[in-house]
>>> print(open('my_file_8.txt').read())   # compact mmCIF, C-alpha atoms
# COMPACT_ATOMS: atom_id res chain seq x y z
CA MET A 1 -21.99 42.63 162.64
CA PHE A 2 -25.17 41.83 160.65
CA GLU A 3 -27.06 38.62 161.39
CA ASP A 4 -29.30 38.98 158.37
CA VAL A 5 -29.09 40.88 155.10
CA THR A 6 -31.63 41.63 152.39
CA VAL A 7 -29.92 41.45 149.02
CA ILE A 8 -31.89 43.50 146.51
CA GLY A 9 -31.06 42.45 142.96
CA ALA A 10 -30.26 38.99 141.60
CA GLY A 11 -27.84 39.85 138.81
CA ARG A 12 -24.14 38.98 138.62
CA ALA A 13 -23.18 40.88 141.77
CA GLY A 14 -26.30 40.07 143.78
CA SER A 15 -26.14 36.35 143.05
CA ALA A 16 -22.48 36.01 144.03
CA ILE A 17 -22.87 38.17 147.13
CA ALA A 18 -26.00 36.38 148.38
CA ALA A 19 -24.30 33.01 147.93
CA ARG A 20 -21.19 34.16 149.79
CA LEU A 21 -23.23 35.55 152.70
CA ARG A 22 -25.03 32.22 153.06
CA GLU A 23 -21.67 30.42 152.98
CA ARG A 24 -20.48 32.59 155.85
CA GLY A 25 -23.56 31.95 157.98
CA VAL A 26 -25.34 35.24 157.34
CA ALA A 27 -29.07 34.84 156.75
CA VAL A 28 -30.28 36.28 153.43
CA ARG A 29 -33.94 37.18 153.79
CA GLU A 30 -36.49 39.98 153.64
CA ASP A 31 -36.46 42.73 156.26
CA GLY A 32 -32.78 42.21 157.12
CA GLU A 33 -30.76 44.54 159.31
CA LEU A 34 -28.91 45.60 156.15
CA ARG A 35 -30.57 46.28 152.79
CA LEU A 36 -27.83 45.73 150.23
CA LEU A 37 -28.62 47.22 146.83
CA CYS A 38 -27.13 45.13 144.02
CA VAL A 39 -29.08 46.86 141.27
CA PRO A 40 -27.87 48.82 138.20
CA ASP A 41 -26.43 52.24 139.06
CA ARG A 42 -29.37 54.06 137.48
CA ALA A 43 -31.79 52.19 139.80
CA ILE A 44 -29.99 52.80 143.12
CA ALA A 45 -31.68 56.08 144.07
CA ASP A 46 -35.20 54.77 143.35
CA ALA A 47 -34.49 51.51 145.20
CA ALA A 48 -33.18 53.43 148.22
CA ARG A 49 -36.20 55.73 148.33
CA ALA A 50 -38.49 52.69 148.32
CA ILE A 51 -37.02 51.52 151.64
CA GLU A 52 -38.56 52.88 154.82
CA PRO A 53 -35.89 54.62 156.96
CA GLY A 54 -34.55 52.50 159.81
CA PRO A 55 -32.30 49.68 158.60
CA TRP A 56 -28.78 50.10 157.30
CA VAL A 57 -28.70 50.64 153.53
CA ALA A 58 -25.68 50.09 151.28
CA HIS A 59 -24.87 49.70 147.61
CA VAL A 60 -22.14 47.84 145.73
CA SER A 61 -21.56 50.37 142.94
CA GLY A 62 -18.09 51.71 142.21
CA GLY A 63 -19.18 54.94 140.57
CA THR A 64 -22.29 55.99 142.52
CA PRO A 65 -21.93 58.44 145.45
CA LEU A 66 -23.47 57.84 148.85
CA ALA A 67 -25.98 60.64 148.20
CA ALA A 68 -27.87 58.19 145.99
CA LEU A 69 -28.89 56.43 149.22
CA ASP A 70 -30.84 59.46 150.49
CA PRO A 71 -32.81 59.82 152.70
CA HIS A 72 -30.97 57.13 154.70
CA VAL A 73 -28.27 58.29 157.09
CA ARG A 74 -27.12 54.81 158.17
CA ARG A 75 -25.42 53.98 154.91
CA PHE A 76 -22.19 52.94 153.22
CA SER A 77 -20.93 51.24 150.08
CA VAL A 78 -18.69 48.28 149.31
CA HIS A 79 -17.62 47.84 145.69
CA PRO A 80 -16.13 44.44 144.80
CA LEU A 81 -13.33 45.32 142.37
CA GLN A 82 -13.90 42.28 140.23
CA THR A 83 -15.65 41.31 137.01
CA LEU A 84 -18.45 38.88 137.83
CA THR A 85 -20.43 36.35 135.82
CA LEU A 86 -23.56 34.31 136.48
CA ALA A 87 -21.67 31.25 135.24
CA ARG A 88 -19.59 31.16 138.43
CA GLY A 89 -20.33 31.28 142.13
CA PRO A 90 -19.13 33.17 145.20
CA GLU A 91 -15.56 31.92 144.76
CA GLN A 92 -15.03 34.65 142.17
CA LEU A 93 -15.00 37.17 145.04
CA ASP A 94 -12.05 35.46 146.74
CA GLY A 95 -8.96 37.66 146.93
CA ALA A 96 -10.48 40.58 145.03
CA TRP A 97 -10.09 44.06 146.46
CA GLY A 98 -13.09 45.99 147.72
CA ALA A 99 -13.57 49.77 147.80
CA VAL A 100 -15.18 50.88 151.08
CA THR A 101 -16.87 54.27 151.41
CA ALA A 102 -18.53 55.46 154.62
CA GLY A 103 -19.38 58.79 156.18
CA THR A 104 -19.08 57.80 159.85
CA ALA A 105 -16.89 55.58 161.99
CA GLU A 106 -19.80 53.24 162.67
CA ALA A 107 -20.59 52.94 158.97
CA ARG A 108 -16.92 52.33 158.19
CA GLU A 109 -16.78 49.49 160.73
CA ARG A 110 -19.81 47.83 159.19
CA ALA A 111 -18.56 48.33 155.64
CA LEU A 112 -15.22 46.72 156.52
CA TRP A 113 -17.05 43.81 158.10
CA LEU A 114 -19.10 43.28 154.95
CA ALA A 115 -16.06 43.48 152.68
CA GLU A 116 -14.13 40.96 154.76
CA THR A 117 -17.16 38.66 155.05
CA LEU A 118 -17.42 38.65 151.26
CA GLY A 119 -13.77 37.62 151.00
CA LEU A 120 -12.54 40.99 149.73
CA ARG A 121 -9.38 42.91 150.60
CA PRO A 122 -10.84 46.26 151.69
CA PHE A 123 -9.42 49.71 151.08
CA GLU A 124 -11.02 53.07 151.77
CA LEU A 125 -12.25 55.23 148.90
CA GLY A 126 -13.26 58.86 149.27
CA ASP A 127 -16.76 59.58 148.02
CA ASP A 128 -15.40 62.46 145.93
CA ARG A 129 -12.83 60.21 144.21
CA ARG A 130 -15.28 57.76 142.70
CA ALA A 131 -15.17 59.05 139.12
CA ALA A 132 -11.39 58.60 138.81
CA TYR A 133 -11.52 55.25 140.60
CA HIS A 134 -14.31 53.86 138.44
CA ALA A 135 -12.71 55.14 135.24
CA GLY A 136 -9.53 53.27 136.18
CA ALA A 137 -11.46 50.09 136.91
CA SER A 138 -13.38 50.34 133.64
CA ILE A 139 -10.22 50.88 131.60
CA ALA A 140 -8.55 47.87 133.21
CA SER A 141 -11.50 45.52 132.71
CA ASN A 142 -13.71 46.75 129.86
CA PHE A 143 -10.99 47.84 127.46
CA LEU A 144 -9.17 44.56 127.98
CA VAL A 145 -12.19 42.97 126.29
CA THR A 146 -11.94 45.51 123.45
CA LEU A 147 -8.24 44.82 122.98
CA TYR A 148 -8.77 41.06 122.97
CA ARG A 149 -11.52 41.36 120.36
CA ALA A 150 -9.31 43.51 118.12
CA ALA A 151 -6.33 41.18 118.52
CA SER A 152 -8.50 38.11 117.92
CA GLY A 153 -9.76 39.58 114.65
CA LEU A 154 -6.20 40.06 113.44
CA PHE A 155 -5.28 36.52 114.48
CA ASP A 156 -8.28 35.17 112.57
CA GLU A 157 -7.15 37.11 109.51
CA ALA A 158 -3.64 35.71 109.88
CA GLY A 159 -4.89 32.15 110.36
CA ALA A 160 -3.55 32.03 113.92
CA PRO A 161 -5.58 30.66 116.88
CA PRO A 162 -7.04 33.56 118.93
CA GLU A 163 -6.89 31.44 122.11
CA ALA A 164 -3.09 31.65 121.84
CA LEU A 165 -3.39 35.28 122.96
CA VAL A 166 -4.61 34.35 126.44
CA PRO A 167 -1.27 33.03 127.82
CA LEU A 168 0.44 36.11 126.34
CA MET A 169 -1.98 38.48 128.05
CA THR A 170 -1.81 36.53 131.30
CA ARG A 171 1.99 36.55 131.35
CA THR A 172 2.03 40.32 130.72
CA ILE A 173 0.06 40.71 133.95
CA GLU A 174 2.26 38.22 135.81
CA ASN A 175 5.36 40.12 134.68
CA GLY A 176 4.12 43.29 136.36
CA PHE A 177 3.02 44.92 133.08
CA GLU A 178 6.60 45.26 131.85
CA LEU A 179 6.44 46.77 128.37
CA THR A 180 8.04 44.76 125.57
CA GLY A 181 7.70 44.77 121.79
CA PRO A 182 8.27 47.36 119.06
CA ILE A 183 7.20 50.45 121.02
CA ALA A 184 9.54 49.56 123.89
CA ARG A 185 12.36 49.10 121.34
CA GLY A 186 11.54 52.25 119.38
CA ASP A 187 10.96 50.13 116.26
CA TRP A 188 8.70 52.54 114.38
CA THR A 189 9.09 50.65 111.08
CA THR A 190 7.27 47.69 112.64
CA VAL A 191 4.65 50.02 114.12
CA ASP A 192 4.02 51.39 110.61
CA ARG A 193 3.57 47.83 109.34
CA HIS A 194 0.96 47.34 112.06
CA ARG A 195 -0.85 50.47 110.89
CA ALA A 196 -0.92 49.11 107.33
CA ALA A 197 -2.29 45.76 108.51
CA LEU A 198 -5.04 47.53 110.45
CA GLN A 199 -6.41 49.48 107.48
CA GLY A 200 -10.14 48.88 107.18
CA SER A 201 -10.38 47.14 110.55
CA GLY A 202 -12.06 50.02 112.35
CA PHE A 203 -9.29 49.92 114.96
CA GLU A 204 -6.80 52.21 113.18
CA SER A 205 -7.48 55.37 115.18
CA ALA A 206 -7.56 53.42 118.45
CA TYR A 207 -4.17 51.88 117.61
CA ASP A 208 -2.68 55.31 116.90
CA ALA A 209 -4.07 56.67 120.18
CA LEU A 210 -2.67 53.73 122.14
CA VAL A 211 0.75 54.11 120.50
CA GLU A 212 0.74 57.78 121.49
CA VAL A 213 0.13 57.06 125.18
CA THR A 214 2.25 53.90 125.46
CA HIS A 215 5.72 54.82 126.65
CA PRO A 216 8.74 52.62 127.51
>>> encode(input="my_file_8.txt", output="structure tokens")
Amino acid sequence: MFEDVTVIGAGRAGSAIAARLRERGVAVREDGELRLLCVPDRAIADAARAIEPGPWVAHVSGGTPLAALDPHVRRFSVHPLQTLTLARGPEQLDGAWGAVTAGTAEARERALWLAETLGLRPFELGDDRRAAYHAGASIASNFLVTLYRAASGLFDEAGAPPEALVPLMTRTIENGFELTGPIARGDWTTVDRHRAALQGSGFESAYDALVEVTHP
């Protein structure tokens, strides 16, 4: 679909994407048929305006609408639904889902090609649904870090190894997020003990809020 791509941005997303394209035989060079913006969300509009109209232009943001790619009309977006790190390579894209947004049938075809070339499992995302989609993705990824940090602090205080939490968290995912523990059992005495243990941790109000929205 594209013989050559210009990847703009060499951060976590840009590095992994450029490496994957090279693996799949797609040339990564200047003046490519596709200019793929892998820059921070706040920089997308300026980066798009700096490109002379003509080539296809796309971004990999989950929360940024296609209008940020103005004035280009040949445009689309592919968002790899995955947390990425510079410490790993293109293999971290394997098996992840990818949100595809396009305004025309031709753009959709090219977006699907890019997603599949990157090793993603594509699904279509309406441009007007991005805020809800990105909020869901952020909750699932970013707040998992917050929860692990809070739990690790309590384990440190108890003299337990924080790394022991990882198999527990992993198995919760593998079990289809089946709820267990005191909230599932309606054991509010134990929940109150948790509240007491959390005093002074800075996580008390967050714990109460999570209890309120966690239902069996």
>>> residues_around(input="my_file_8.txt", residues="Arg130 in chain A", least_positions_apart="4", cutoff="12 Å", atoms="all atoms listed in the file", output="ChimeraX atom specification")
/A:61-66,77,79,99-101,124-126,134-138
>>> closest_residue(input="my_file_8.txt", among="A:Pro90, A:Gly181, A:Gly153, A:Gly9", to="Ala47 in chain A", atoms="only C-alpha atoms")
A:Gly9
>>> closest_residue(input="my_file_8.txt", among="A:Thr214, A:Leu118, A:Gly202, A:Gln82", to="Ser141 in chain A", atoms="only C-alpha atoms")
A:Gln82
>>> closest_atom_pairs(input="my_file_8.txt", of="range 81-184 of chain A", to="range 18-27 of chain A", cutoff="10 Å", atoms="only C-alpha atoms", output="CSV")
residue,atom,partner,partner_atom,distance
A:Gly89,CA,A:Ala19,CA,7.2
A:Pro90,CA,A:Arg20,CA,5.1
A:Glu91,CA,A:Arg20,CA,7.9
A:Gln92,CA,A:Arg20,CA,9.8
A:Leu93,CA,A:Arg20,CA,8.4
A:Asp94,CA,A:Arg20,CA,9.7
A:Leu114,CA,A:Leu21,CA,9.0
A:Thr117,CA,A:Arg24,CA,7.0
A:Leu118,CA,A:Arg20,CA,6.0
A:Gly119,CA,A:Arg20,CA,8.3
>>> atom_distance(input="my_file_8.txt", atom1="CA of Thr6 in chain A", atom2="CA of Glu30 in chain A")
5.3 Å
>>> atom_distance(input="my_file_8.txt", atom1="CA of Val145 in chain A", atom2="CA of Glu116 in chain A")
28.6 Å
>>> residues_around(input="my_file_8.txt", residues="Gly32 in chain A", least_positions_apart="5", cutoff="12 Å", atoms="all atoms listed in the file", output="PyMOL selection string")
chain A and resi 2-8+26-27+51+54-57
>>> decode(input="my_file_8.txt", residues="range 3-31 of chain A", atoms="N, CA, C and O atoms", output="mmCIF file, in the first residue's frame")
data_model
loop_
_atom_site.group_PDB
_atom_site.id
_atom_site.type_symbol
_atom_site.label_atom_id
_atom_site.label_comp_id
_atom_site.auth_asym_id
_atom_site.auth_seq_id
_atom_site.Cartn_x
_atom_site.Cartn_y
_atom_site.Cartn_z
ATOM 1 N N GLU A 3 5.034 2.114 -0.200
ATOM 2 C CA GLU A 3 6.377 1.565 -0.351
ATOM 3 C C GLU A 3 7.373 2.245 0.563
ATOM 4 O O GLU A 3 8.382 1.657 0.942
ATOM 5 N N ASP A 4 7.108 3.505 0.902
ATOM 6 C CA ASP A 4 8.000 4.213 1.814
ATOM 7 C C ASP A 4 7.185 5.136 2.720
ATOM 8 O O ASP A 4 6.132 5.654 2.342
ATOM 9 N N VAL A 5 7.682 5.295 3.926
ATOM 10 C CA VAL A 5 6.993 6.073 4.958
ATOM 11 C C VAL A 5 8.015 6.979 5.634
ATOM 12 O O VAL A 5 9.145 6.554 5.913
ATOM 13 N N THR A 6 7.608 8.205 5.906
ATOM 14 C CA THR A 6 8.411 9.107 6.719
ATOM 15 C C THR A 6 7.836 9.107 8.124
ATOM 16 O O THR A 6 6.687 9.515 8.329
ATOM 17 N N VAL A 7 8.602 8.599 9.071
ATOM 18 C CA VAL A 7 8.166 8.580 10.463
ATOM 19 C C VAL A 7 8.712 9.836 11.135
ATOM 20 O O VAL A 7 9.927 10.022 11.243
ATOM 21 N N ILE A 8 7.807 10.692 11.574
ATOM 22 C CA ILE A 8 8.200 11.958 12.198
ATOM 23 C C ILE A 8 8.044 11.809 13.707
ATOM 24 O O ILE A 8 6.933 11.683 14.221
ATOM 25 N N GLY A 9 9.176 11.794 14.398
ATOM 26 C CA GLY A 9 9.181 11.585 15.843
ATOM 27 C C GLY A 9 9.897 10.288 16.169
ATOM 28 O O GLY A 9 9.595 9.245 15.579
ATOM 29 N N ALA A 10 10.848 10.359 17.103
ATOM 30 C CA ALA A 10 11.661 9.187 17.430
ATOM 31 C C ALA A 10 11.522 8.808 18.903
ATOM 32 O O ALA A 10 12.469 8.330 19.516
ATOM 33 N N GLY A 11 10.324 9.026 19.449
ATOM 34 C CA GLY A 11 10.068 8.635 20.826
ATOM 35 C C GLY A 11 9.690 7.170 20.921
ATOM 36 O O GLY A 11 10.055 6.362 20.064
ATOM 37 N N ARG A 12 8.927 6.808 21.959
ATOM 38 C CA ARG A 12 8.577 5.403 22.177
ATOM 39 C C ARG A 12 7.769 4.832 21.025
ATOM 40 O O ARG A 12 8.053 3.738 20.535
ATOM 41 N N ALA A 13 6.756 5.572 20.576
ATOM 42 C CA ALA A 13 5.933 5.079 19.467
ATOM 43 C C ALA A 13 6.715 5.108 18.156
ATOM 44 O O ALA A 13 6.731 4.136 17.402
ATOM 45 N N GLY A 14 7.350 6.232 17.854
ATOM 46 C CA GLY A 14 8.055 6.376 16.587
ATOM 47 C C GLY A 14 9.159 5.362 16.410
ATOM 48 O O GLY A 14 9.347 4.814 15.319
ATOM 49 N N SER A 15 9.901 5.081 17.475
ATOM 50 C CA SER A 15 11.001 4.121 17.380
ATOM 51 C C SER A 15 10.495 2.716 17.089
ATOM 52 O O SER A 15 11.026 2.013 16.223
ATOM 53 N N ALA A 16 9.455 2.296 17.814
ATOM 54 C CA ALA A 16 8.906 0.952 17.607
ATOM 55 C C ALA A 16 8.276 0.822 16.226
ATOM 56 O O ALA A 16 8.441 -0.197 15.546
ATOM 57 N N ILE A 17 7.560 1.848 15.797
ATOM 58 C CA ILE A 17 6.872 1.802 14.507
ATOM 59 C C ILE A 17 7.878 1.796 13.357
ATOM 60 O O ILE A 17 7.749 1.027 12.396
ATOM 61 N N ALA A 18 8.898 2.651 13.430
ATOM 62 C CA ALA A 18 9.907 2.688 12.369
ATOM 63 C C ALA A 18 10.617 1.337 12.255
ATOM 64 O O ALA A 18 10.843 0.831 11.145
ATOM 65 N N ALA A 19 10.943 0.740 13.395
ATOM 66 C CA ALA A 19 11.616 -0.556 13.372
ATOM 67 C C ALA A 19 10.720 -1.641 12.780
ATOM 68 O O ALA A 19 11.182 -2.498 12.016
ATOM 69 N N ARG A 20 9.433 -1.617 13.108
ATOM 70 C CA ARG A 20 8.519 -2.617 12.565
ATOM 71 C C ARG A 20 8.359 -2.452 11.055
ATOM 72 O O ARG A 20 8.311 -3.438 10.312
ATOM 73 N N LEU A 21 8.245 -1.213 10.581
ATOM 74 C CA LEU A 21 8.110 -0.984 9.146
ATOM 75 C C LEU A 21 9.320 -1.525 8.397
ATOM 76 O O LEU A 21 9.179 -2.167 7.348
ATOM 77 N N ARG A 22 10.501 -1.290 8.935
ATOM 78 C CA ARG A 22 11.712 -1.813 8.290
ATOM 79 C C ARG A 22 11.694 -3.336 8.276
ATOM 80 O O ARG A 22 12.074 -3.960 7.279
ATOM 81 N N GLU A 23 11.251 -3.939 9.387
ATOM 82 C CA GLU A 23 11.142 -5.397 9.443
ATOM 83 C C GLU A 23 10.254 -5.934 8.336
ATOM 84 O O GLU A 23 10.506 -7.004 7.776
ATOM 85 N N ARG A 24 9.190 -5.199 8.024
ATOM 86 C CA ARG A 24 8.200 -5.656 7.056
ATOM 87 C C ARG A 24 8.527 -5.208 5.635
ATOM 88 O O ARG A 24 7.680 -5.311 4.737
ATOM 89 N N GLY A 25 9.714 -4.672 5.419
ATOM 90 C CA GLY A 25 10.143 -4.316 4.078
ATOM 91 C C GLY A 25 9.666 -2.979 3.577
ATOM 92 O O GLY A 25 9.750 -2.700 2.370
ATOM 93 N N VAL A 26 9.185 -2.128 4.477
ATOM 94 C CA VAL A 26 8.750 -0.787 4.079
ATOM 95 C C VAL A 26 9.894 0.179 4.343
ATOM 96 O O VAL A 26 10.433 0.238 5.456
ATOM 97 N N ALA A 27 10.293 0.933 3.340
ATOM 98 C CA ALA A 27 11.397 1.871 3.482
ATOM 99 C C ALA A 27 10.978 3.024 4.390
ATOM 100 O O ALA A 27 9.890 3.584 4.238
ATOM 101 N N VAL A 28 11.830 3.364 5.342
ATOM 102 C CA VAL A 28 11.599 4.507 6.229
ATOM 103 C C VAL A 28 12.603 5.571 5.842
ATOM 104 O O VAL A 28 13.817 5.410 6.045
ATOM 105 N N ARG A 29 12.112 6.652 5.229
ATOM 106 C CA ARG A 29 13.013 7.691 4.733
ATOM 107 C C ARG A 29 12.262 8.999 4.582
ATOM 108 O O ARG A 29 11.040 9.068 4.771
ATOM 109 N N GLU A 30 12.989 10.044 4.250
ATOM 110 C CA GLU A 30 12.369 11.352 4.034
ATOM 111 C C GLU A 30 11.558 11.335 2.748
ATOM 112 O O GLU A 30 11.819 10.554 1.828
ATOM 113 N N ASP A 31 10.566 12.217 2.706
ATOM 114 C CA ASP A 31 9.717 12.380 1.514
ATOM 115 C C ASP A 31 8.988 11.095 1.143
ATOM 116 O O ASP A 31 8.829 10.767 -0.042
#
